[in-house]
>>> print(open('model03.txt').read())   # compact mmCIF, C-alpha atoms
# COMPACT_ATOMS: atom_id res chain seq x y z
CA MET A 252 55.09 -8.39 115.13
CA ILE A 253 58.79 -8.88 114.34
CA ASN A 254 58.23 -12.60 113.75
CA LEU A 255 55.44 -11.79 111.29
CA LYS A 256 57.73 -9.36 109.46
CA ILE A 257 60.48 -11.96 109.23
CA LEU A 258 58.02 -14.49 107.82
CA CYS A 259 56.99 -11.95 105.18
CA LEU A 260 60.65 -11.41 104.34
CA VAL A 261 61.29 -15.14 104.01
CA ALA A 262 58.30 -15.47 101.66
CA VAL A 263 59.66 -12.68 99.44
CA LEU A 264 63.17 -14.16 99.41
CA VAL A 265 61.82 -17.57 98.45
CA SER A 266 59.99 -16.00 95.51
CA LEU A 267 63.17 -14.18 94.49
CA ALA A 268 65.47 -17.20 94.65
CA PRO A 269 64.76 -18.68 91.17
CA HIS A 270 65.38 -15.34 89.44
CA ILE A 271 68.90 -14.37 90.59
CA SER A 272 71.09 -16.22 88.07
CA GLY A 273 72.14 -19.01 90.41
CA ARG A 274 73.44 -16.74 93.16
CA ALA A 275 72.32 -17.31 96.74
CA VAL A 276 70.71 -14.32 98.45
CA ASP A 277 71.72 -14.04 102.09
CA LEU A 278 70.38 -11.90 104.92
CA ASP A 279 73.44 -11.20 107.07
CA GLN A 280 73.41 -10.84 110.85
CA ASP A 281 74.08 -7.12 110.47
CA ASN A 282 70.91 -6.78 108.37
CA SER A 283 72.72 -6.43 105.04
CA LEU A 284 71.54 -8.16 101.91
CA SER A 285 74.09 -9.77 99.62
CA ALA A 286 74.48 -12.34 96.89
CA SER A 287 77.41 -14.73 96.80
CA SER A 288 78.98 -16.62 93.91
CA SER A 289 82.14 -18.76 94.19
CA GLY A 290 83.02 -17.18 97.48
CA SER A 291 82.71 -13.58 96.29
CA ARG A 292 80.04 -11.20 97.50
CA VAL A 293 77.94 -9.47 94.86
CA THR A 294 75.29 -6.95 95.78
CA ARG A 295 72.12 -6.15 93.87
CA PRO A 296 72.28 -8.66 90.98
CA ASN A 297 70.51 -7.27 87.92
CA PHE A 298 67.50 -9.20 86.64
CA VAL A 299 63.92 -8.70 85.49
CA LYS A 300 61.09 -11.21 85.27
CA ILE A 301 57.32 -11.13 84.88
CA THR A 302 56.24 -13.11 87.92
CA SER A 303 52.49 -12.89 87.30
CA PRO A 304 51.53 -12.22 83.65
CA PRO A 305 48.15 -11.00 82.43
CA PRO A 306 45.90 -13.63 80.81
CA MET A 307 46.87 -14.65 77.28
CA GLN A 308 43.38 -13.79 76.05
CA ILE A 309 40.23 -12.18 77.39
CA THR A 310 36.83 -11.12 76.01
CA GLN A 311 35.45 -7.60 76.42
CA VAL A 312 31.79 -6.89 75.79
CA ARG A 313 31.56 -3.48 74.17
CA GLY A 314 30.53 -0.86 76.70
CA THR A 315 32.00 -2.75 79.66
CA THR A 316 35.34 -2.52 81.49
CA VAL A 317 38.06 -5.17 81.70
CA GLU A 318 41.34 -5.10 83.61
CA LEU A 319 44.75 -6.54 82.83
CA GLU A 320 47.23 -7.01 85.67
CA CYS A 321 50.96 -7.61 85.34
CA GLU A 322 53.46 -8.23 88.14
CA VAL A 323 57.14 -7.59 87.41
CA MET A 324 60.10 -8.30 89.68
CA GLY A 325 63.54 -6.86 89.10
CA SER A 326 66.72 -5.24 90.30
CA PRO A 327 67.06 -2.31 90.00
CA THR A 328 63.42 -1.23 90.11
CA PRO A 329 61.74 -2.30 86.85
CA TYR A 330 60.39 0.26 84.42
CA VAL A 331 56.87 -1.02 83.67
CA GLN A 332 54.79 0.04 80.67
CA TRP A 333 51.76 -1.12 78.68
CA VAL A 334 51.60 -0.79 74.91
CA HIS A 335 48.96 -1.87 72.41
CA GLY A 336 49.51 -3.51 69.06
CA SER A 337 50.48 -0.33 67.24
CA GLY A 338 53.27 0.30 69.74
CA GLN A 339 51.62 3.30 71.39
CA THR A 340 51.36 3.69 75.14
CA ALA A 341 48.08 2.07 76.20
CA ASP A 342 46.94 4.44 78.92
CA TRP A 343 43.99 6.58 78.05
CA ASP A 344 43.81 9.03 80.94
CA ASP A 345 47.48 9.63 81.79
CA ILE A 346 50.41 8.41 79.72
CA SER A 347 52.66 8.19 82.80
CA MET A 348 50.08 6.34 84.91
CA ASN A 349 51.65 2.89 84.55
CA ILE A 350 55.31 3.89 84.48
CA ILE A 351 57.96 3.81 87.20
CA SER A 352 61.25 5.46 86.34
CA GLU A 353 64.22 3.12 86.05
CA SER A 354 66.48 5.83 87.48
CA SER A 355 65.66 4.85 91.08
CA PRO A 356 68.63 2.78 92.36
CA THR A 357 66.62 0.51 94.62
CA THR A 358 67.96 -2.90 95.51
CA MET A 359 64.98 -5.05 94.52
CA ALA A 360 61.32 -4.37 93.84
CA ARG A 361 58.17 -6.21 92.90
CA VAL A 362 55.88 -3.97 90.85
CA VAL A 363 52.18 -4.47 90.13
CA SER A 364 50.75 -2.61 87.14
CA ARG A 365 47.08 -2.71 86.17
CA LEU A 366 45.65 -1.55 82.84
CA VAL A 367 41.95 -0.59 82.96
CA LEU A 368 40.26 -0.82 79.57
CA ASP A 369 36.93 0.99 79.46
CA HIS A 370 37.23 1.98 75.78
CA SER A 371 36.24 -0.81 73.41
CA SER A 372 37.98 -0.90 70.07
CA ARG A 373 35.99 -1.08 66.86
CA ALA A 374 38.29 -3.86 65.74
CA ALA A 375 37.44 -7.48 66.47
CA GLU A 376 40.55 -7.87 68.62
CA SER A 377 43.42 -5.89 70.13
CA THR A 378 46.76 -6.84 71.63
CA PHE A 379 48.16 -5.27 74.80
CA THR A 380 51.67 -5.98 76.03
CA CYS A 381 53.16 -5.53 79.49
CA ILE A 382 56.86 -4.60 79.23
CA GLY A 383 59.26 -4.71 82.17
CA ARG A 384 62.76 -3.25 81.80
CA SER A 385 65.61 -3.27 84.31
CA GLY A 386 69.38 -3.05 84.07
CA GLY A 387 69.36 -3.31 80.28
CA GLN A 388 67.18 -6.44 80.36
CA ILE A 389 63.59 -6.81 79.21
CA ALA A 390 60.61 -9.09 79.89
CA VAL A 391 57.29 -9.05 78.04
CA ALA A 392 53.84 -10.65 78.26
CA SER A 393 50.95 -10.02 75.88
CA THR A 394 47.17 -10.32 76.04
CA THR A 395 44.73 -10.55 73.13
CA VAL A 396 41.44 -8.78 73.91
CA TYR A 397 38.47 -9.92 71.81
CA HIS A 398 35.79 -7.22 71.47
CA VAL A 399 32.24 -8.53 71.12
CA ASP A 400 28.84 -6.87 70.88
CA PRO A 401 26.36 -7.27 73.75
CA ALA A 402 23.68 -9.89 73.28
CA ARG A 403 20.85 -7.40 73.73
CA ALA A 404 20.47 -4.11 71.89
CA ASN A 405 18.78 -2.40 74.83
CA PHE A 406 21.87 -3.11 76.96
CA THR A 407 23.87 -0.84 74.66
CA ASP A 408 21.16 1.82 74.83
CA LEU A 409 21.35 1.85 78.62
CA LEU A 410 25.06 2.63 78.42
CA LYS A 411 24.54 5.75 76.36
CA PRO A 412 25.02 9.08 78.24
CA SER A 413 21.39 10.06 77.76
CA HIS A 414 20.18 6.94 79.57
CA ASN A 415 22.91 6.40 82.17
CA PRO A 416 22.97 9.00 84.99
CA PHE A 417 26.24 7.53 86.32
CA ASN A 418 28.07 7.58 82.98
CA ARG A 419 30.40 10.38 84.09
CA LEU A 420 31.46 8.51 87.24
CA LYS A 421 34.25 5.96 87.36
CA GLN A 422 35.18 3.60 90.17
CA THR A 423 38.53 4.00 91.88
CA ARG A 424 41.22 1.54 90.83
CA ILE A 425 44.88 1.53 91.84
CA THR A 426 46.89 1.03 88.66
CA LEU A 427 50.44 0.94 90.02
CA HIS A 428 52.17 0.06 93.30
CA TYR A 429 55.07 -1.88 94.75
CA LYS A 430 54.18 -5.25 96.21
CA ALA A 431 57.59 -5.53 97.88
CA LEU A 432 60.63 -3.27 98.08
CA PHE A 433 64.13 -3.80 99.46
CA GLU A 434 65.96 -0.50 99.96
CA PHE A 435 69.13 0.67 101.66
CA MET A 436 68.89 2.17 105.14
CA GLY A 437 69.59 5.90 105.21
CA SER A 438 68.16 6.46 101.74
CA THR A 439 64.99 8.26 100.67
CA VAL A 440 62.23 5.85 99.69
CA ILE A 441 59.35 6.71 97.37
CA LEU A 442 56.44 4.24 97.41
CA PRO A 443 54.21 4.85 94.36
CA CYS A 444 50.45 4.58 94.36
CA LYS A 445 48.81 5.60 91.09
CA ALA A 446 45.02 5.52 90.90
CA ILE A 447 42.32 6.38 88.39
CA GLY A 448 38.68 7.27 88.93
CA ARG A 449 36.10 9.98 88.43
CA PRO A 450 35.99 12.06 90.59
CA VAL A 451 39.78 11.93 90.99
CA PRO A 452 40.56 9.69 94.00
CA GLU A 453 42.17 11.02 97.16
CA ILE A 454 45.10 8.94 98.39
CA THR A 455 46.17 8.26 101.97
CA TRP A 456 48.66 5.77 103.44
CA LYS A 457 48.22 3.62 106.54
CA ASN A 458 50.74 1.64 108.60
CA GLU A 459 50.37 -1.88 109.97
CA GLU A 460 48.36 -0.58 112.93
CA GLY A 461 45.85 1.02 110.56
CA ASN A 462 46.90 4.58 111.45
CA VAL A 463 47.26 7.23 108.76
CA VAL A 464 50.92 7.91 107.97
CA SER A 465 51.73 11.62 107.95
CA SER A 466 54.39 14.16 108.83
CA MET A 467 52.35 15.01 111.93
CA GLN A 468 53.45 11.72 113.51
CA ASP A 469 56.93 11.65 111.97
CA PRO A 470 58.47 14.46 109.88
CA ARG A 471 60.37 11.83 107.85
CA PHE A 472 57.06 10.72 106.27
CA ARG A 473 54.97 12.69 103.81
CA THR A 474 52.43 11.96 101.07
CA LEU A 475 52.85 13.85 97.81
CA PRO A 476 49.85 15.37 95.98
CA THR A 477 50.41 12.72 93.29
CA GLY A 478 49.94 9.92 95.85
CA GLU A 479 53.50 8.72 96.53
CA LEU A 480 54.61 8.06 100.10
CA VAL A 481 58.06 9.56 100.76
CA ILE A 482 60.17 8.22 103.63
CA ASN A 483 63.40 10.08 104.37
CA ASP A 484 66.39 8.52 106.15
CA LEU A 485 65.06 4.95 105.99
CA ARG A 486 65.52 3.07 109.27
CA TRP A 487 65.25 -0.52 110.47
CA ALA A 488 62.15 0.44 112.48
CA ASP A 489 60.40 1.40 109.22
CA MET A 490 60.19 -2.23 108.13
CA GLY A 491 56.66 -3.47 107.56
CA SER A 492 53.57 -3.18 105.38
CA TYR A 493 52.19 0.14 104.16
CA THR A 494 48.71 0.31 102.66
CA CYS A 495 47.71 2.83 100.02
CA VAL A 496 44.03 3.76 100.21
CA ALA A 497 42.55 5.48 97.15
CA LYS A 498 38.99 6.75 97.52
CA ASN A 499 36.49 8.85 95.61
CA ALA A 500 32.76 9.55 96.03
CA ILE A 501 31.60 6.13 94.80
CA SER A 502 34.29 3.58 95.74
CA LYS A 503 37.72 2.91 97.19
CA ASP A 504 40.63 0.60 96.44
CA GLU A 505 43.61 -0.54 98.54
CA ALA A 506 47.08 -1.90 97.80
CA GLU A 507 49.77 -3.08 100.20
CA THR A 508 53.55 -2.64 99.96
CA PHE A 509 56.02 -4.59 102.11
CA LEU A 510 59.12 -2.49 102.80
CA TYR A 511 62.37 -4.07 104.01
CA PRO A 512 65.33 -1.81 104.94
CA ILE A 513 68.78 -3.30 104.35
CA ARG A 514 72.23 -2.19 105.46
CA PRO A 515 74.65 -1.39 102.60
CA ASN A 516 77.78 -3.56 102.52
>>> encode(input="model03.txt", output="structure tokens")
Amino acid sequence: MINLKILCLVAVLVSLAPHISGRAVDLDQDNSLSASSSGSRVTRPNFVKITSPPPMQITQVRGTTVELECEVMGSPTPYVQWVHGSGQTADWDDISMNIISESSPTTMARVVSRLVLDHSSRAAESTFTCIGRSGGQIAVASTTVYHVDPARANFTDLLKPSHNPFNRLKQTRITLHYKALFEFMGSTVILPCKAIGRPVPEITWKNEEGNVVSSMQDPRFRTLPTGELVINDLRWADMGSYTCVAKNAISKDEAETFLYPIRPN
């Protein structure tokens, strides 16, 4: 199991290497993470980069749902937000759904944000932009959504509330989570898991063994009503993958976060 965790760590470090302004990231023997430049040791270099942008363009048939996904890596934890062409926050159900606060002083994080568009615009096209902010830096990526009418008129009729008995239901989709997080040992970690759906999804967390994580097993762990997993007094033994499971009456969705504790210099 430890070997598998180390391999996961190496994969994350390899993906981080091109984005740290020429500094080499080292995992020390005492389990501390540092960056060196000209012989000096620098911890937590600030950067932000969109590592997996949404598509540049996509077509949405009116009455259907499309999804845009954006992956942002940064240090400290990136603040991630979607806006549409007018500059307004592009989240219909909950304005804070796709936002992580930049106030969390985490070492490094890889954030995945998903925008679910089930409201077609009357305009022929719309622009949605993923914005990542961290340490005073910014990274952006935009998508143009072309809205087209369905080929058959009766298809539209079937989507009307009077004809569709499932119109009030919405599948569960996780819209925000960490893909990877490096955090200092001894700190309090908050792993986000935002989900949408109708009925409102219930969220649980599982460890690598597939067991539900709760304060019953360890009082340092607890899941908030809003879905976040809180881990107090982070320890080396907490390293590993944690899976958020969001489920409602019609569907479920899962997202995995790899957590790596590091020793402060």
>>> residues_around(input="model03.txt", residues="Gly325 of chain A", least_positions_apart="3", cutoff="6 Å", atoms="only C-alpha atoms", output="list in words")
Phe298, Val299, Thr328, Pro329, Met359 and Ala360 of chain A
>>> atom_distance(input="model03.txt", atom1="atom CA of Tyr429 of chain A", atom2="atom CA of Arg449 of chain A")
23.2 Å
>>> closest_residue(input="model03.txt", among="A:Leu368, A:Val451, A:Ala375, A:Ala446", to="Glu505 of chain A", atoms="only C-alpha atoms")
A:Ala446
>>> axis_aligned_box(input="model03.txt", around="segment 433-441 of chain A", padding_each_side="6 Å", output="AutoDock Vina command-line options")
--center_x 64.5 --center_y 2.2 --center_z 101.3 --size_x 22.2 --size_y 24.1 --size_z 19.8
>>> residues_near_point(input="model03.txt", point="(65.1, 3.5, 107.1)", cutoff="10 Å", atoms="only C-alpha atoms", output="list in words")
Glu434, Phe435, Met436, Gly437, Ser438, Thr439, Val440, Arg471, Ile482, Asn483, Asp484, Leu485, Arg486, Trp487, Ala488, Asp489, Met490, Leu510, Tyr511, Pro512, Ile513 and Arg514 of chain A
>>> closest_residue(input="model03.txt", among="A:Gln422, A:Thr316, A:Ser326, A:Thr455", to="Ile501 of chain A", atoms="only C-alpha atoms")
A:Gln422
>>> decode(input="model03.txt", residues="segment 376-388 of chain A", atoms="all heavy atoms", output="PDB file, in the first residue's frame")
ATOM      1  N   GLU A 376     -25.196  31.966 -29.097  1.00  0.00           N
ATOM      2  CA  GLU A 376     -23.994  31.455 -28.446  1.00  0.00           C
ATOM      3  C   GLU A 376     -23.743  32.193 -27.138  1.00  0.00           C
ATOM      4  O   GLU A 376     -24.214  33.319 -26.935  1.00  0.00           O
ATOM      5  CB  GLU A 376     -22.783  31.604 -29.362  1.00  0.00           C
ATOM      6  CG  GLU A 376     -22.434  33.043 -29.715  1.00  0.00           C
ATOM      7  CD  GLU A 376     -21.277  33.125 -30.689  1.00  0.00           C
ATOM      8  OE1 GLU A 376     -21.446  32.655 -31.834  1.00  0.00           O
ATOM      9  OE2 GLU A 376     -20.223  33.667 -30.293  1.00  0.00           O
ATOM     10  N   SER A 377     -23.009  31.538 -26.253  1.00  0.00           N
ATOM     11  CA  SER A 377     -22.637  32.123 -24.964  1.00  0.00           C
ATOM     12  C   SER A 377     -21.189  31.753 -24.667  1.00  0.00           C
ATOM     13  O   SER A 377     -20.700  30.719 -25.127  1.00  0.00           O
ATOM     14  CB  SER A 377     -23.532  31.603 -23.836  1.00  0.00           C
ATOM     15  OG  SER A 377     -24.897  31.866 -24.083  1.00  0.00           O
ATOM     16  N   THR A 378     -20.523  32.585 -23.888  1.00  0.00           N
ATOM     17  CA  THR A 378     -19.146  32.318 -23.503  1.00  0.00           C
ATOM     18  C   THR A 378     -19.058  32.126 -21.992  1.00  0.00           C
ATOM     19  O   THR A 378     -19.608  32.921 -21.225  1.00  0.00           O
ATOM     20  CB  THR A 378     -18.212  33.479 -23.906  1.00  0.00           C
ATOM     21  OG1 THR A 378     -18.266  33.644 -25.322  1.00  0.00           O
ATOM     22  CG2 THR A 378     -16.771  33.184 -23.501  1.00  0.00           C
ATOM     23  N   PHE A 379     -18.381  31.052 -21.581  1.00  0.00           N
ATOM     24  CA  PHE A 379     -18.180  30.768 -20.165  1.00  0.00           C
ATOM     25  C   PHE A 379     -16.684  30.643 -19.916  1.00  0.00           C
ATOM     26  O   PHE A 379     -15.975  29.965 -20.665  1.00  0.00           O
ATOM     27  CB  PHE A 379     -18.908  29.488 -19.756  1.00  0.00           C
ATOM     28  CG  PHE A 379     -20.403  29.581 -19.899  1.00  0.00           C
ATOM     29  CD1 PHE A 379     -21.014  29.220 -21.091  1.00  0.00           C
ATOM     30  CD2 PHE A 379     -21.190  30.042 -18.857  1.00  0.00           C
ATOM     31  CE1 PHE A 379     -22.393  29.312 -21.245  1.00  0.00           C
ATOM     32  CE2 PHE A 379     -22.563  30.148 -18.992  1.00  0.00           C
ATOM     33  CZ  PHE A 379     -23.170  29.786 -20.187  1.00  0.00           C
ATOM     34  N   THR A 380     -16.214  31.296 -18.857  1.00  0.00           N
ATOM     35  CA  THR A 380     -14.786  31.343 -18.581  1.00  0.00           C
ATOM     36  C   THR A 380     -14.471  30.780 -17.207  1.00  0.00           C
ATOM     37  O   THR A 380     -15.089  31.174 -16.209  1.00  0.00           O
ATOM     38  CB  THR A 380     -14.264  32.792 -18.664  1.00  0.00           C
ATOM     39  OG1 THR A 380     -14.535  33.310 -19.967  1.00  0.00           O
ATOM     40  CG2 THR A 380     -12.764  32.844 -18.405  1.00  0.00           C
ATOM     41  N   CYS A 381     -13.507  29.867 -17.171  1.00  0.00           N
ATOM     42  CA  CYS A 381     -12.989  29.324 -15.916  1.00  0.00           C
ATOM     43  C   CYS A 381     -11.831  30.223 -15.481  1.00  0.00           C
ATOM     44  O   CYS A 381     -10.902  30.471 -16.248  1.00  0.00           O
ATOM     45  CB  CYS A 381     -12.498  27.890 -16.110  1.00  0.00           C
ATOM     46  SG  CYS A 381     -11.576  27.218 -14.700  1.00  0.00           S
ATOM     47  N   ILE A 382     -11.895  30.727 -14.256  1.00  0.00           N
ATOM     48  CA  ILE A 382     -10.864  31.615 -13.724  1.00  0.00           C
ATOM     49  C   ILE A 382     -10.234  30.980 -12.492  1.00  0.00           C
ATOM     50  O   ILE A 382     -10.939  30.614 -11.543  1.00  0.00           O
ATOM     51  CB  ILE A 382     -11.445  32.985 -13.345  1.00  0.00           C
ATOM     52  CG1 ILE A 382     -12.120  33.634 -14.556  1.00  0.00           C
ATOM     53  CG2 ILE A 382     -10.357  33.901 -12.791  1.00  0.00           C
ATOM     54  CD1 ILE A 382     -12.811  34.942 -14.226  1.00  0.00           C
ATOM     55  N   GLY A 383      -8.915  30.850 -12.506  1.00  0.00           N
ATOM     56  CA  GLY A 383      -8.185  30.356 -11.343  1.00  0.00           C
ATOM     57  C   GLY A 383      -7.290  31.456 -10.807  1.00  0.00           C
ATOM     58  O   GLY A 383      -6.534  32.066 -11.565  1.00  0.00           O
ATOM     59  N   ARG A 384      -7.382  31.728  -9.507  1.00  0.00           N
ATOM     60  CA  ARG A 384      -6.559  32.768  -8.883  1.00  0.00           C
ATOM     61  C   ARG A 384      -5.783  32.165  -7.714  1.00  0.00           C
ATOM     62  O   ARG A 384      -6.322  31.369  -6.942  1.00  0.00           O
ATOM     63  CB  ARG A 384      -7.423  33.918  -8.360  1.00  0.00           C
ATOM     64  CG  ARG A 384      -8.167  34.705  -9.423  1.00  0.00           C
ATOM     65  CD  ARG A 384      -8.884  35.894  -8.789  1.00  0.00           C
ATOM     66  NE  ARG A 384      -9.569  36.729  -9.771  1.00  0.00           N
ATOM     67  CZ  ARG A 384     -10.834  36.582 -10.123  1.00  0.00           C
ATOM     68  NH1 ARG A 384     -11.552  35.619  -9.575  1.00  0.00           N
ATOM     69  NH2 ARG A 384     -11.391  37.375 -11.017  1.00  0.00           N
ATOM     70  N   SER A 385      -4.533  32.576  -7.568  1.00  0.00           N
ATOM     71  CA  SER A 385      -3.723  32.109  -6.450  1.00  0.00           C
ATOM     72  C   SER A 385      -2.517  33.015  -6.278  1.00  0.00           C
ATOM     73  O   SER A 385      -1.819  33.316  -7.248  1.00  0.00           O
ATOM     74  CB  SER A 385      -3.244  30.672  -6.685  1.00  0.00           C
ATOM     75  OG  SER A 385      -2.417  30.233  -5.629  1.00  0.00           O
ATOM     76  N   GLY A 386      -2.282  33.458  -5.056  1.00  0.00           N
ATOM     77  CA  GLY A 386      -1.107  34.256  -4.756  1.00  0.00           C
ATOM     78  C   GLY A 386      -0.955  35.486  -5.622  1.00  0.00           C
ATOM     79  O   GLY A 386       0.158  35.839  -6.003  1.00  0.00           O
ATOM     80  N   GLY A 387      -2.062  36.140  -5.967  1.00  0.00           N
ATOM     81  CA  GLY A 387      -2.004  37.335  -6.797  1.00  0.00           C
ATOM     82  C   GLY A 387      -1.865  37.052  -8.272  1.00  0.00           C
ATOM     83  O   GLY A 387      -1.809  37.981  -9.081  1.00  0.00           O
ATOM     84  N   GLN A 388      -1.828  35.786  -8.673  1.00  0.00           N
ATOM     85  CA  GLN A 388      -1.727  35.416 -10.080  1.00  0.00           C
ATOM     86  C   GLN A 388      -3.078  34.903 -10.578  1.00  0.00           C
ATOM     87  O   GLN A 388      -3.943  34.520  -9.790  1.00  0.00           O
ATOM     88  CB  GLN A 388      -0.643  34.359 -10.268  1.00  0.00           C
ATOM     89  CG  GLN A 388       0.736  34.798  -9.775  1.00  0.00           C
ATOM     90  CD  GLN A 388       1.784  33.720  -9.966  1.00  0.00           C
ATOM     91  OE1 GLN A 388       1.924  33.155 -11.044  1.00  0.00           O
ATOM     92  NE2 GLN A 388       2.523  33.430  -8.902  1.00  0.00           N
TER      93      GLN A 388
END
